[in-house]
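Have a look at the structure below before the remarks.
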Amino acid sequence: MSVGTTVPPVAASSPLYARFSRRFRGIFIDWAITLIVIFGALLVASTVATDTLSRALGIVVIAVLLLYEPILVSFTGGTVGHHLTNLRVVDDATGGNVGFPKACARLLLKSLLGWYSFVILAATRRNQAIHDLVTRSTVQIRDPAKARSGQFVTERAEPAAARMPARWERVLTICVYLVLLFLASAGAAVILESGPCLDGSHCSGADRIFELALDTAVLLLMAVIIAAGWRGKLFGARARRASR
């Protein structure tokens, strides 16, 4: 048996919840499909060069892009990206595909929150993003026989309530750390970005690279803070040690 290619027996008998890396791959595939559709439509519109057809084509493309995820998720359990990465969106209530209204709600929340929806993954028992929690759905491995151990997590055990700080303490501590993180990132931007970029007139290539790196670092640190804080591992709201 090769290491990392076989699902452990315990995991095989329970739902396997997709890690962020696996979900990101599926999102990337769907983005690529979206870009192909958009550029294909632009190419057709520029070739035909008639206003009526261009408007009609634009309406069709917008409708396809808006309905792509809800239709495929509700009828097949996932988008093309989900299928190609061995993932499936599951309704917590039924264990089957989510309904069309819930699939629309997932897309709306995901579109509004963007990457921020994923910062709570490690703090949840079933690796859920905000749009998963709100719609009571999970993203699971579709075929466990094809999954590698690094592609999923099983349901996390909740820390013993007797040892954990109260929820309000953990939430307050997390909020304090997040405020400090945002203040630190704002300070870093003021110090390291050029003046023209700060006042919005012109950002150089170096400025844009720095902004991307800073935004990525902030997202990663947010995820770490939320996960550690919820599990009582942040100074200010630490879990009590078990008595011996």
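Every chain in the structure tokens takes a letter, A first, then B, and so on in the order presented; its residues are numbered from 1, and the ligands are numbered from 1 following the presented order.
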Exercise. Step one, run DSSP on the backbone; step two, keep only residues of stretch 125-163 of chain A assigned to strand (DSSP E or B); then write them as a ChimeraX atom specification.
Key: /A:137-141,152-153
Would you save the residues of that selection, restricted to C-alpha atoms, as a PDB file, in the first residue's frame?
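Done, and the output landed in out-v4.pdb:
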```pdb
ATOM      1  CA  SER A 137     -24.005  22.221   3.478  1.00  0.00           C
ATOM      2  CA  THR A 138     -20.572  20.618   3.263  1.00  0.00           C
ATOM      3  CA  VAL A 139     -18.075  19.895   0.503  1.00  0.00           C
ATOM      4  CA  GLN A 140     -17.064  16.251   0.629  1.00  0.00           C
ATOM      5  CA  ILE A 141     -14.948  13.781  -1.317  1.00  0.00           C
ATOM      6  CA  PHE A 152      -9.567  15.686   3.171  1.00  0.00           C
ATOM      7  CA  VAL A 153     -10.187  15.805   6.897  1.00  0.00           C
TER       8      VAL A 153
END
```
Quiz prompt | Residues near A:Pro101, cut-off 9 Å, only C-alpha atoms, skip fewer than 4 positions along chain, as a ChimeraX atom specification | solution = /A:70,74,105-106
Quiz item: Which residues, written as an MDAnalysis selection string, have at least one atom at most 12 Å from A:Gly58, with only C-alpha atoms counted and residues fewer than 2 positions away on the same chain left out?
Solution: chainID A and resid 37:46 51:56 60:65
Would you write out, as CSV, a table of all residues in stretch 106-212 of chain A that have an atom no more than 12 Å from an atom of stretch 228-241 of chain A, listing for each the closest atom pair and the distance in Å to one decimal, considering only C-alpha atoms and ordering rows by chain and rising residue number?
```
residue,atom,partner,partner_atom,distance
A:Val119,CA,A:Ala228,CA,11.8
A:Ile120,CA,A:Trp230,CA,9.6
A:Leu121,CA,A:Trp230,CA,11.4
A:Ala122,CA,A:Ala228,CA,8.7
A:Ala123,CA,A:Trp230,CA,6.2
A:Thr124,CA,A:Trp230,CA,8.9
A:Arg125,CA,A:Arg231,CA,11.0
A:Arg156,CA,A:Arg231,CA,11.1
A:Ala157,CA,A:Arg231,CA,10.7
A:Glu158,CA,A:Arg231,CA,8.5
A:Pro159,CA,A:Arg231,CA,7.0
A:Ala160,CA,A:Ala239,CA,9.2
A:Ala161,CA,A:Ala239,CA,9.3
A:Ala162,CA,A:Arg240,CA,8.4
A:Arg163,CA,A:Arg240,CA,4.8
A:Met164,CA,A:Ala239,CA,4.6
A:Pro165,CA,A:Ala239,CA,6.0
A:Ala166,CA,A:Ala237,CA,8.5
A:Arg167,CA,A:Trp230,CA,8.0
A:Trp168,CA,A:Ala237,CA,9.8
A:Glu169,CA,A:Ala237,CA,6.2
A:Arg170,CA,A:Ala237,CA,5.8
A:Val171,CA,A:Trp230,CA,7.3
A:Leu172,CA,A:Ala237,CA,8.9
A:Thr173,CA,A:Gly236,CA,6.4
A:Ile174,CA,A:Gly229,CA,5.6
A:Cys175,CA,A:Gly229,CA,9.4
A:Val176,CA,A:Gly236,CA,9.8
A:Tyr177,CA,A:Leu234,CA,8.9
A:Leu178,CA,A:Gly229,CA,10.5
```
Quiz item: atom CA of A:Ser194 and atom CA of A:Gly114 are how many Å apart?
Solution: 26.8 Å
Quiz item: So which bits of stretch 98-221 of chain A end up alpha helix (DSSP H) when you DSSP the backbone, as a ChimeraX atom specification?
Solution: /A:100-113,130-135,167-192,195-198,205-221
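Across the model, the gap from atom CA of A:Glu69 to atom CA of A:Val98 is 11.6 Å.
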Quiz item: What lies within 9 Å of stretch 85-97 of chain A using only C-alpha atoms, ignoring chain neighbours under 5 positions off, as a list in words?
Solution: Tyr17, Ala18, Arg22, Arg23, Arg25, Gly26, Val73, Ser74, Phe75, Thr76, Gly77, Gly78, Thr79, Val80, Lys102, Thr135, Arg136, Ser137, Thr138, Val139, Gln140, Ile141, Arg142, Asp143, Pro144, Lys146 and Ala147 of chain A
Selection file, C-alpha atoms, as a JSON list (two decimals), in the first residue's frame:
```
[["chain", "number", "residue", "atom", "x", "y", "z"],
["A", 17, "TYR", "CA", -14.52, 16.82, 4.10],
["A", 18, "ALA", "CA", -12.43, 18.55, 1.45],
["A", 22, "ARG", "CA", -8.65, 20.68, -2.96],
["A", 23, "ARG", "CA", -11.45, 23.23, -3.07],
["A", 25, "ARG", "CA", -8.18, 23.56, -7.31],
["A", 26, "GLY", "CA", -11.86, 23.17, -8.16],
["A", 73, "VAL", "CA", -24.59, 21.88, -7.89],
["A", 74, "SER", "CA", -28.30, 21.20, -7.41],
["A", 75, "PHE", "CA", -28.67, 18.63, -10.19],
["A", 76, "THR", "CA", -25.27, 16.89, -10.25],
["A", 77, "GLY", "CA", -23.78, 17.69, -6.84],
["A", 78, "GLY", "CA", -21.08, 20.00, -8.13],
["A", 79, "THR", "CA", -19.61, 22.16, -10.86],
["A", 80, "VAL", "CA", -17.16, 20.92, -13.46],
["A", 102, "LYS", "CA", -29.84, 26.82, -1.47],
["A", 135, "THR", "CA", -26.70, 27.11, 3.96],
["A", 136, "ARG", "CA", -26.04, 24.00, 6.09],
["A", 137, "SER", "CA", -24.00, 22.22, 3.48],
["A", 138, "THR", "CA", -20.57, 20.62, 3.26],
["A", 139, "VAL", "CA", -18.08, 19.90, 0.50],
["A", 140, "GLN", "CA", -17.06, 16.25, 0.63],
["A", 141, "ILE", "CA", -14.95, 13.78, -1.32],
["A", 142, "ARG", "CA", -17.16, 12.28, -4.01],
["A", 143, "ASP", "CA", -15.39, 8.92, -4.37],
["A", 144, "PRO", "CA", -13.29, 7.94, -1.30],
["A", 146, "LYS", "CA", -9.89, 7.89, -5.44],
["A", 147, "ALA", "CA", -8.92, 10.20, -2.58]]
```
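When only C-alpha atoms are used to compute distances to A:Leu214, the closest of the residues A:Ser185, A:Gly81, A:Ile191, A:Pro196 turns out to be A:Ser185.
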Practice problem: Could you tell me how far atom CA of A:Ile226 lies from atom CA of A:Tyr116, in Å and to one decimal? | Solution: 11.7 Å
Practice problem: Mind checking which residues fall within 12 Å of A:Ala217, counting only C-alpha atoms, ignoring those fewer than 5 positions away in the same chain, and posting them as an MDAnalysis selection string? | Solution: chainID A and resid 119 181:182 184:185 188 210:212 222:224
